[in-house]
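Undergrad: Could you have a look at this structure, given as structure tokens, before my questions?
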Amino acid sequence: MSDEGAGSPVTDDEQLARFIFFRKWIRHAAPDQTVKPDAFIPHPYPDLSVTRHKHLSEQERWRIGQGIADARPATLYGRADIRAAEVRRQSLDVAPRPAANNPNHADVIGWPADKPAQKMIAQELATQANFVRKALLT
Amino acid sequence: MTTLALYPFSGRLSSGASETARVIADGIAQWRSRLQDSYALGQRAKGSLTELCQVFDDCRHANWDGYGARPVAESAFRLASQFLEALPLGTPAPSVGAEPDGHLTLEWHRSPRRTLSLSMSPEGDLHYAALLGTSKRYGTEPFCGEAPPVIVDLIGRVLTA
């Protein structure tokens, strides 16, 4: 894994991953599994925690997700990938917040305080997100 | 003359109603409860209440989502159960979930842009957000034992194009 550019500004074309640790956040009935808006509600922090794909191989992304799962502990089911531009389209922003165990960590910031407005944004993000089922690590 | 004050379908009674009205309301409530076991009409037989119980069980402890989520309170579970049973008979079953702030969610999803998500708070607030093609609707309704008409209308609009 490279720390190169980990704290650099997030560009619109960057992909962001929201790791999914709760199985009911996935629509299993859909032909292609999709993610529910529940996965994008920011709590308990005012911001939403994501991981930038930047400079990470697919295997490194899963290793970060699995590392987070192991530390909590939780079960990693997959991740919801979304472009930073789609986040900004909802009047939110993405701030790099490198962490010791995840140099690519970032926060989606600028959320409204009221719950219905958060839900509406989460709905829009869910429509743009691509669910990726957890891959087996080798 | 005593006014018979029933709310449609639910059998709930306003205060000050007569004994006769209470007997009728109890009868309606029992009739409605039996219909919940009907596969065609009721949420109970469709498995919604079982799914709700499973989600509540999964989410009654802190950090159930791995991000530090708040536990789902028993009051949110009880209110969500009541809401499901208050839906008009024949309403398709929602998918049940939970949000990190401890709210239980009910989702009616037909496609990415025809979808409705409800959150039941422990205080009985029903927060909703719907995508209906290019338009969107969101807000909060109090849950007082009746399914709010705006919610019933949105379920219908999501599921019928």
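How things are named: the first chain in the structure tokens is A, the next is B, and so on; residues count from 1 in each chain; ligands count from 1 in the order shown.
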Give me the residues of chain B that have any atom at most 6 Å from an atom of chain A; for each, the nearest atom pair and the distance in Å, rounded to one decimal. Use only C-alpha atoms, sort by chain and number, and format it as JSON lines.
TA:
{"residue": "B:Asp65", "atom": "CA", "partner": "A:Phe22", "partner_atom": "CA", "distance": 5.3}
{"residue": "B:Gly66", "atom": "CA", "partner": "A:Ala74", "partner_atom": "CA", "distance": 5.6}
{"residue": "B:Gly97", "atom": "CA", "partner": "A:Lys24", "partner_atom": "CA", "distance": 5.5}
{"residue": "B:Glu99", "atom": "CA", "partner": "A:Asp38", "partner_atom": "CA", "distance": 5.2}
{"residue": "B:Pro100", "atom": "CA", "partner": "A:His43", "partner_atom": "CA", "distance": 5.5}
{"residue": "B:Asp101", "atom": "CA", "partner": "A:His43", "partner_atom": "CA", "distance": 5.8}
{"residue": "B:Pro112", "atom": "CA", "partner": "A:Thr127", "partner_atom": "CA", "distance": 5.4}
{"residue": "B:His127", "atom": "CA", "partner": "A:Pro116", "partner_atom": "CA", "distance": 5.5}
{"residue": "B:Ala129", "atom": "CA", "partner": "A:Met120", "partner_atom": "CA", "distance": 5.1}
{"residue": "B:Tyr138", "atom": "CA", "partner": "A:Pro116", "partner_atom": "CA", "distance": 5.8}
{"residue": "B:Gly139", "atom": "CA", "partner": "A:Pro116", "partner_atom": "CA", "distance": 5.2}
Undergrad: Would you export the selected residues with all heavy atoms as a PDB file, in the first residue's frame, please?
TA:
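Everything below was put into out_11.pdb:
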ATOM      1  N   ASP B  65     -23.408  -1.869  13.508  1.00  0.00           N
ATOM      2  CA  ASP B  65     -23.030  -1.659  12.103  1.00  0.00           C
ATOM      3  C   ASP B  65     -21.525  -1.567  11.892  1.00  0.00           C
ATOM      4  O   ASP B  65     -21.059  -1.387  10.773  1.00  0.00           O
ATOM      5  CB  ASP B  65     -23.698  -0.395  11.556  1.00  0.00           C
ATOM      6  CG  ASP B  65     -23.121   0.872  12.173  1.00  0.00           C
ATOM      7  OD1 ASP B  65     -22.494   0.795  13.261  1.00  0.00           O
ATOM      8  OD2 ASP B  65     -23.302   1.949  11.566  1.00  0.00           O
ATOM      9  N   GLY B  66     -20.744  -1.678  12.987  1.00  0.00           N
ATOM     10  CA  GLY B  66     -19.291  -1.565  12.856  1.00  0.00           C
ATOM     11  C   GLY B  66     -18.795  -0.132  12.795  1.00  0.00           C
ATOM     12  O   GLY B  66     -17.596   0.100  12.733  1.00  0.00           O
ATOM     13  N   GLY B  97     -34.913  -2.742   7.792  1.00  0.00           N
ATOM     14  CA  GLY B  97     -33.504  -2.476   8.053  1.00  0.00           C
ATOM     15  C   GLY B  97     -33.360  -1.592   9.272  1.00  0.00           C
ATOM     16  O   GLY B  97     -34.299  -1.444  10.069  1.00  0.00           O
ATOM     17  N   GLU B  99     -30.921   2.026  10.853  1.00  0.00           N
ATOM     18  CA  GLU B  99     -29.967   3.104  10.594  1.00  0.00           C
ATOM     19  C   GLU B  99     -29.088   3.307  11.822  1.00  0.00           C
ATOM     20  O   GLU B  99     -29.495   2.976  12.946  1.00  0.00           O
ATOM     21  CB  GLU B  99     -30.714   4.392  10.243  1.00  0.00           C
ATOM     22  CG  GLU B  99     -31.352   4.320   8.865  1.00  0.00           C
ATOM     23  CD  GLU B  99     -32.320   5.455   8.582  1.00  0.00           C
ATOM     24  OE1 GLU B  99     -32.930   5.988   9.541  1.00  0.00           O
ATOM     25  OE2 GLU B  99     -32.483   5.800   7.403  1.00  0.00           O
ATOM     26  N   PRO B 100     -27.904   3.884  11.614  1.00  0.00           N
ATOM     27  CA  PRO B 100     -26.938   3.984  12.721  1.00  0.00           C
ATOM     28  C   PRO B 100     -27.418   4.822  13.905  1.00  0.00           C
ATOM     29  O   PRO B 100     -26.870   4.699  14.997  1.00  0.00           O
ATOM     30  CB  PRO B 100     -25.720   4.652  12.068  1.00  0.00           C
ATOM     31  CG  PRO B 100     -25.896   4.479  10.615  1.00  0.00           C
ATOM     32  CD  PRO B 100     -27.355   4.358  10.343  1.00  0.00           C
ATOM     33  N   ASP B 101     -28.442   5.649  13.713  1.00  0.00           N
ATOM     34  CA  ASP B 101     -28.948   6.439  14.836  1.00  0.00           C
ATOM     35  C   ASP B 101     -29.994   5.682  15.643  1.00  0.00           C
ATOM     36  O   ASP B 101     -30.673   6.268  16.493  1.00  0.00           O
ATOM     37  CB  ASP B 101     -29.516   7.782  14.349  1.00  0.00           C
ATOM     38  CG  ASP B 101     -30.517   7.623  13.232  1.00  0.00           C
ATOM     39  OD1 ASP B 101     -30.855   6.469  12.890  1.00  0.00           O
ATOM     40  OD2 ASP B 101     -30.974   8.652  12.695  1.00  0.00           O
ATOM     41  N   PRO B 112     -34.402   2.016  -8.785  1.00  0.00           N
ATOM     42  CA  PRO B 112     -33.585   3.055  -8.132  1.00  0.00           C
ATOM     43  C   PRO B 112     -34.295   4.407  -8.008  1.00  0.00           C
ATOM     44  O   PRO B 112     -34.061   5.140  -7.046  1.00  0.00           O
ATOM     45  CB  PRO B 112     -32.358   3.154  -9.048  1.00  0.00           C
ATOM     46  CG  PRO B 112     -32.238   1.782  -9.621  1.00  0.00           C
ATOM     47  CD  PRO B 112     -33.652   1.307  -9.828  1.00  0.00           C
ATOM     48  N   HIS B 127     -39.828   9.451   9.765  1.00  0.00           N
ATOM     49  CA  HIS B 127     -39.111  10.238   8.763  1.00  0.00           C
ATOM     50  C   HIS B 127     -39.175   9.481   7.439  1.00  0.00           C
ATOM     51  O   HIS B 127     -38.983   8.260   7.422  1.00  0.00           O
ATOM     52  CB  HIS B 127     -37.658  10.429   9.173  1.00  0.00           C
ATOM     53  CG  HIS B 127     -37.473  11.037  10.533  1.00  0.00           C
ATOM     54  ND1 HIS B 127     -37.865  12.321  10.839  1.00  0.00           N
ATOM     55  CD2 HIS B 127     -36.959  10.526  11.678  1.00  0.00           C
ATOM     56  CE1 HIS B 127     -37.580  12.581  12.107  1.00  0.00           C
ATOM     57  NE2 HIS B 127     -37.039  11.509  12.638  1.00  0.00           N
ATOM     58  N   ALA B 129     -38.358   9.483   2.998  1.00  0.00           N
ATOM     59  CA  ALA B 129     -37.729  10.064   1.804  1.00  0.00           C
ATOM     60  C   ALA B 129     -38.066   9.163   0.634  1.00  0.00           C
ATOM     61  O   ALA B 129     -37.876   7.946   0.705  1.00  0.00           O
ATOM     62  CB  ALA B 129     -36.213  10.173   1.985  1.00  0.00           C
ATOM     63  N   TYR B 138     -39.814  14.327   0.900  1.00  0.00           N
ATOM     64  CA  TYR B 138     -39.274  13.918   2.192  1.00  0.00           C
ATOM     65  C   TYR B 138     -39.874  14.767   3.299  1.00  0.00           C
ATOM     66  O   TYR B 138     -40.372  15.874   3.048  1.00  0.00           O
ATOM     67  CB  TYR B 138     -37.742  13.970   2.209  1.00  0.00           C
ATOM     68  CG  TYR B 138     -37.122  15.326   2.000  1.00  0.00           C
ATOM     69  CD1 TYR B 138     -36.689  16.084   3.080  1.00  0.00           C
ATOM     70  CD2 TYR B 138     -36.939  15.842   0.726  1.00  0.00           C
ATOM     71  CE1 TYR B 138     -36.094  17.320   2.896  1.00  0.00           C
ATOM     72  CE2 TYR B 138     -36.354  17.079   0.529  1.00  0.00           C
ATOM     73  CZ  TYR B 138     -35.929  17.813   1.617  1.00  0.00           C
ATOM     74  OH  TYR B 138     -35.347  19.041   1.431  1.00  0.00           O
ATOM     75  N   GLY B 139     -39.868  14.226   4.511  1.00  0.00           N
ATOM     76  CA  GLY B 139     -40.446  14.943   5.631  1.00  0.00           C
ATOM     77  C   GLY B 139     -40.594  14.045   6.840  1.00  0.00           C
ATOM     78  O   GLY B 139     -40.013  12.963   6.900  1.00  0.00           O
TER      79      GLY B 139
END
Undergrad: Need the shell around Leu126 of chain B: protein/DNA/RNA residues with any atom at most 7 Å away, counting only C-alpha atoms. Skip same-chain ones fewer than 4 positions apart. Format as number ranges by chain?
TA: B: 118-121, 140-143
Undergrad: Take the residues from that selection and put them in a file with N, CA, C and O atoms, as an mmCIF file, in the first residue's frame.
TA:
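The result, stored in part_4.cif:
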data_model
loop_
_atom_site.group_PDB
_atom_site.id
_atom_site.type_symbol
_atom_site.label_atom_id
_atom_site.label_comp_id
_atom_site.auth_asym_id
_atom_site.auth_seq_id
_atom_site.Cartn_x
_atom_site.Cartn_y
_atom_site.Cartn_z
ATOM 1 N N LEU B 118 -38.684 4.648 5.017
ATOM 2 C CA LEU B 118 -39.236 5.223 6.247
ATOM 3 C C LEU B 118 -38.311 4.889 7.404
ATOM 4 O O LEU B 118 -37.757 3.794 7.453
ATOM 5 N N SER B 119 -38.177 5.825 8.334
ATOM 6 C CA SER B 119 -37.434 5.561 9.575
ATOM 7 C C SER B 119 -38.376 5.763 10.743
ATOM 8 O O SER B 119 -39.006 6.820 10.846
ATOM 9 N N MET B 120 -38.450 4.765 11.604
ATOM 10 C CA MET B 120 -39.245 4.913 12.828
ATOM 11 C C MET B 120 -38.305 5.234 13.976
ATOM 12 O O MET B 120 -37.410 4.445 14.304
ATOM 13 N N SER B 121 -38.490 6.409 14.572
ATOM 14 C CA SER B 121 -37.640 6.799 15.708
ATOM 15 C C SER B 121 -38.219 6.229 16.997
ATOM 16 O O SER B 121 -39.403 5.867 17.046
ATOM 17 N N THR B 140 -41.383 14.516 7.782
ATOM 18 C CA THR B 140 -41.613 13.771 9.022
ATOM 19 C C THR B 140 -43.096 13.813 9.351
ATOM 20 O O THR B 140 -43.730 14.855 9.223
ATOM 21 N N GLU B 141 -43.633 12.673 9.750
ATOM 22 C CA GLU B 141 -45.015 12.577 10.206
ATOM 23 C C GLU B 141 -45.022 11.907 11.578
ATOM 24 O O GLU B 141 -44.265 10.949 11.788
ATOM 25 N N PRO B 142 -45.865 12.358 12.477
ATOM 26 C CA PRO B 142 -45.967 11.649 13.756
ATOM 27 C C PRO B 142 -46.755 10.362 13.573
ATOM 28 O O PRO B 142 -47.692 10.326 12.770
ATOM 29 N N PHE B 143 -46.348 9.311 14.292
ATOM 30 C CA PHE B 143 -47.124 8.082 14.258
ATOM 31 C C PHE B 143 -47.922 7.978 15.555
ATOM 32 O O PHE B 143 -47.349 7.869 16.638
#
Undergrad: Show me, as a PyMOL selection string, the residues that have an atom within 12 Å of Glu51 of chain B when counting only C-alpha atoms, minus same-chain residues fewer than 5 positions from it.
TA: (chain A and resi 24) or (chain B and resi 43-46+56-58+77+80-81+84+93-98+104-106)
Undergrad: Per DSSP on the backbone, filter segment 17-134 of chain A down to the residues in helix (DSSP H, G or I) and report them as a ChimeraX atom specification.
TA: /A:23-25,37-40,58-71,84-88,115-128
Undergrad: Take the residues that were just selected and, keeping N, CA and C atoms, output them as a compact mmCIF listing (two decimals), in the first residue's frame.
TA:
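The resulting file, selection_23.txt, is reproduced below:
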# COMPACT_ATOMS: atom_id res chain seq x y z
N ARG A 23 -25.61 -6.75 7.04
CA ARG A 23 -26.15 -7.43 5.85
C ARG A 23 -27.46 -6.81 5.38
N LYS A 24 -28.22 -6.19 6.30
CA LYS A 24 -29.51 -5.64 5.90
C LYS A 24 -29.38 -4.31 5.16
N TRP A 25 -28.17 -3.86 4.96
CA TRP A 25 -27.97 -2.67 4.14
C TRP A 25 -27.85 -3.03 2.66
N PRO A 37 -30.24 3.10 1.26
CA PRO A 37 -29.78 4.41 1.75
C PRO A 37 -29.34 4.37 3.20
N ASP A 38 -29.82 3.40 3.96
CA ASP A 38 -29.45 3.27 5.38
C ASP A 38 -27.93 3.31 5.57
N ALA A 39 -27.21 2.79 4.57
CA ALA A 39 -25.74 2.71 4.68
C ALA A 39 -25.07 4.07 4.63
N PHE A 40 -25.81 5.10 4.22
CA PHE A 40 -25.21 6.43 4.04
C PHE A 40 -25.68 7.44 5.08
N GLU A 58 -7.12 -3.50 -5.85
CA GLU A 58 -8.38 -4.09 -5.37
C GLU A 58 -8.14 -4.88 -4.07
N GLN A 59 -7.06 -5.62 -4.06
CA GLN A 59 -6.77 -6.43 -2.88
C GLN A 59 -6.46 -5.54 -1.66
N GLU A 60 -5.78 -4.42 -1.89
CA GLU A 60 -5.48 -3.51 -0.78
C GLU A 60 -6.76 -2.89 -0.22
N ARG A 61 -7.72 -2.59 -1.11
CA ARG A 61 -9.00 -2.04 -0.63
C ARG A 61 -9.67 -3.03 0.31
N TRP A 62 -9.71 -4.29 -0.11
CA TRP A 62 -10.36 -5.29 0.73
C TRP A 62 -9.60 -5.50 2.03
N ARG A 63 -8.29 -5.40 1.97
CA ARG A 63 -7.51 -5.57 3.20
C ARG A 63 -7.84 -4.47 4.21
N ILE A 64 -8.02 -3.24 3.71
CA ILE A 64 -8.41 -2.14 4.61
C ILE A 64 -9.77 -2.43 5.23
N GLY A 65 -10.72 -2.82 4.39
CA GLY A 65 -12.06 -3.12 4.89
C GLY A 65 -12.03 -4.25 5.91
N GLN A 66 -11.27 -5.28 5.61
CA GLN A 66 -11.20 -6.42 6.53
C GLN A 66 -10.50 -6.03 7.82
N GLY A 67 -9.49 -5.15 7.70
CA GLY A 67 -8.80 -4.67 8.89
C GLY A 67 -9.74 -3.90 9.81
N ILE A 68 -10.59 -3.07 9.22
CA ILE A 68 -11.57 -2.32 10.01
C ILE A 68 -12.54 -3.30 10.67
N ALA A 69 -12.98 -4.29 9.90
CA ALA A 69 -13.93 -5.28 10.44
C ALA A 69 -13.32 -6.05 11.60
N ASP A 70 -12.07 -6.45 11.43
CA ASP A 70 -11.41 -7.24 12.48
C ASP A 70 -11.23 -6.44 13.76
N ALA A 71 -10.98 -5.13 13.60
CA ALA A 71 -10.72 -4.28 14.77
C ALA A 71 -11.98 -4.01 15.58
N ALA A 84 -16.75 10.74 -6.18
CA ALA A 84 -16.78 11.97 -5.37
C ALA A 84 -17.68 13.02 -6.00
N ALA A 85 -17.75 13.04 -7.34
CA ALA A 85 -18.60 14.02 -8.02
C ALA A 85 -20.07 13.82 -7.64
N GLU A 86 -20.49 12.57 -7.46
CA GLU A 86 -21.88 12.30 -7.08
C GLU A 86 -22.16 12.79 -5.66
N VAL A 87 -21.17 12.69 -4.81
CA VAL A 87 -21.31 13.20 -3.44
C VAL A 87 -21.47 14.72 -3.48
N ARG A 88 -20.64 15.37 -4.27
CA ARG A 88 -20.67 16.85 -4.35
C ARG A 88 -21.95 17.34 -5.02
N LYS A 115 -33.07 14.94 10.00
CA LYS A 115 -33.08 13.55 9.53
C LYS A 115 -33.73 13.37 8.15
N PRO A 116 -34.89 13.97 7.87
CA PRO A 116 -35.48 13.74 6.55
C PRO A 116 -34.56 14.21 5.41
N ALA A 117 -33.89 15.33 5.62
CA ALA A 117 -32.97 15.82 4.58
C ALA A 117 -31.79 14.86 4.42
N GLN A 118 -31.32 14.32 5.54
CA GLN A 118 -30.24 13.33 5.45
C GLN A 118 -30.71 12.10 4.68
N LYS A 119 -31.92 11.67 4.94
CA LYS A 119 -32.45 10.48 4.25
C LYS A 119 -32.57 10.72 2.76
N MET A 120 -32.99 11.93 2.40
CA MET A 120 -33.16 12.23 0.97
C MET A 120 -31.81 12.17 0.26
N ILE A 121 -30.80 12.74 0.90
CA ILE A 121 -29.46 12.69 0.32
C ILE A 121 -28.97 11.24 0.25
N ALA A 122 -29.20 10.50 1.32
CA ALA A 122 -28.78 9.10 1.35
C ALA A 122 -29.45 8.31 0.22
N GLN A 123 -30.72 8.63 -0.06
CA GLN A 123 -31.42 7.97 -1.18
C GLN A 123 -30.68 8.24 -2.48
N GLU A 124 -30.33 9.50 -2.70
CA GLU A 124 -29.66 9.87 -3.95
C GLU A 124 -28.29 9.19 -4.05
N LEU A 125 -27.56 9.15 -2.94
CA LEU A 125 -26.25 8.49 -2.96
C LEU A 125 -26.40 7.00 -3.26
N ALA A 126 -27.43 6.39 -2.66
CA ALA A 126 -27.63 4.95 -2.87
C ALA A 126 -27.91 4.64 -4.34
N THR A 127 -28.62 5.53 -5.02
CA THR A 127 -28.92 5.26 -6.44
C THR A 127 -27.65 5.32 -7.28
N GLN A 128 -26.66 6.07 -6.83
CA GLN A 128 -25.44 6.23 -7.61
C GLN A 128 -24.34 5.26 -7.19
Undergrad: As JSON, numbers by chain, please: the residues near Leu16 of chain A (cut-off 7 Å, only C-alpha atoms, same-chain neighbours under 3 positions excluded).
TA: {"A": [50, 51, 52, 53, 81, 82, 83, 84]}
Undergrad: So that I have them on file, write out the residues from the current selection with C-alpha atoms, as a compact mmCIF listing (two decimals), in the first residue's frame.
TA:
# COMPACT_ATOMS: atom_id res chain seq x y z
CA VAL A 50 -15.28 6.44 3.50
CA THR A 51 -12.06 5.14 1.96
CA ARG A 52 -10.52 6.58 -1.19
CA HIS A 53 -9.62 4.09 -3.89
CA ASP A 81 -18.43 2.52 -4.33
CA ILE A 82 -19.40 6.02 -5.36
CA ARG A 83 -17.69 8.83 -7.28
CA ALA A 84 -16.78 11.97 -5.37
Undergrad: For atom CA of Tyr128 of chain B and atom CA of Gly156 of chain B, determine how far apart the two atoms are, in Å to one decimal place.
TA: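 One can read the atom CA of Tyr128 of chain B to atom CA of Gly156 of chain B distance as 14.1 Å.
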Undergrad: Can you tell me how far atom CA of Arg18 of chain A sits from atom CA of Ala80 of chain A, in Å to one decimal?
TA: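 Separation of atom CA of Arg18 of chain A and atom CA of Ala80 of chain A: 5.0 Å.
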Undergrad: Quick one: pull the distance between atom CA of Val94 of chain A and atom CA of Cys59 of chain B, Å, one decimal.
TA: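 If I compute the distance from atom CA of Val94 of chain A to atom CA of Cys59 of chain B, I get 28.6 Å.
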Undergrad: Could you name the residues that touch Thr134 of chain B at 12 Å or less, counting only C-alpha atoms, but leaving out those on the same chain fewer than 2 positions away, as a list in words?
TA: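 Using only C-alpha atoms, the neighbours found are Glu124 of chain A; Pro112, Arg113, Arg114, Thr115, Ala130, Leu131, Leu132, Lys136 and Arg137 of chain B.
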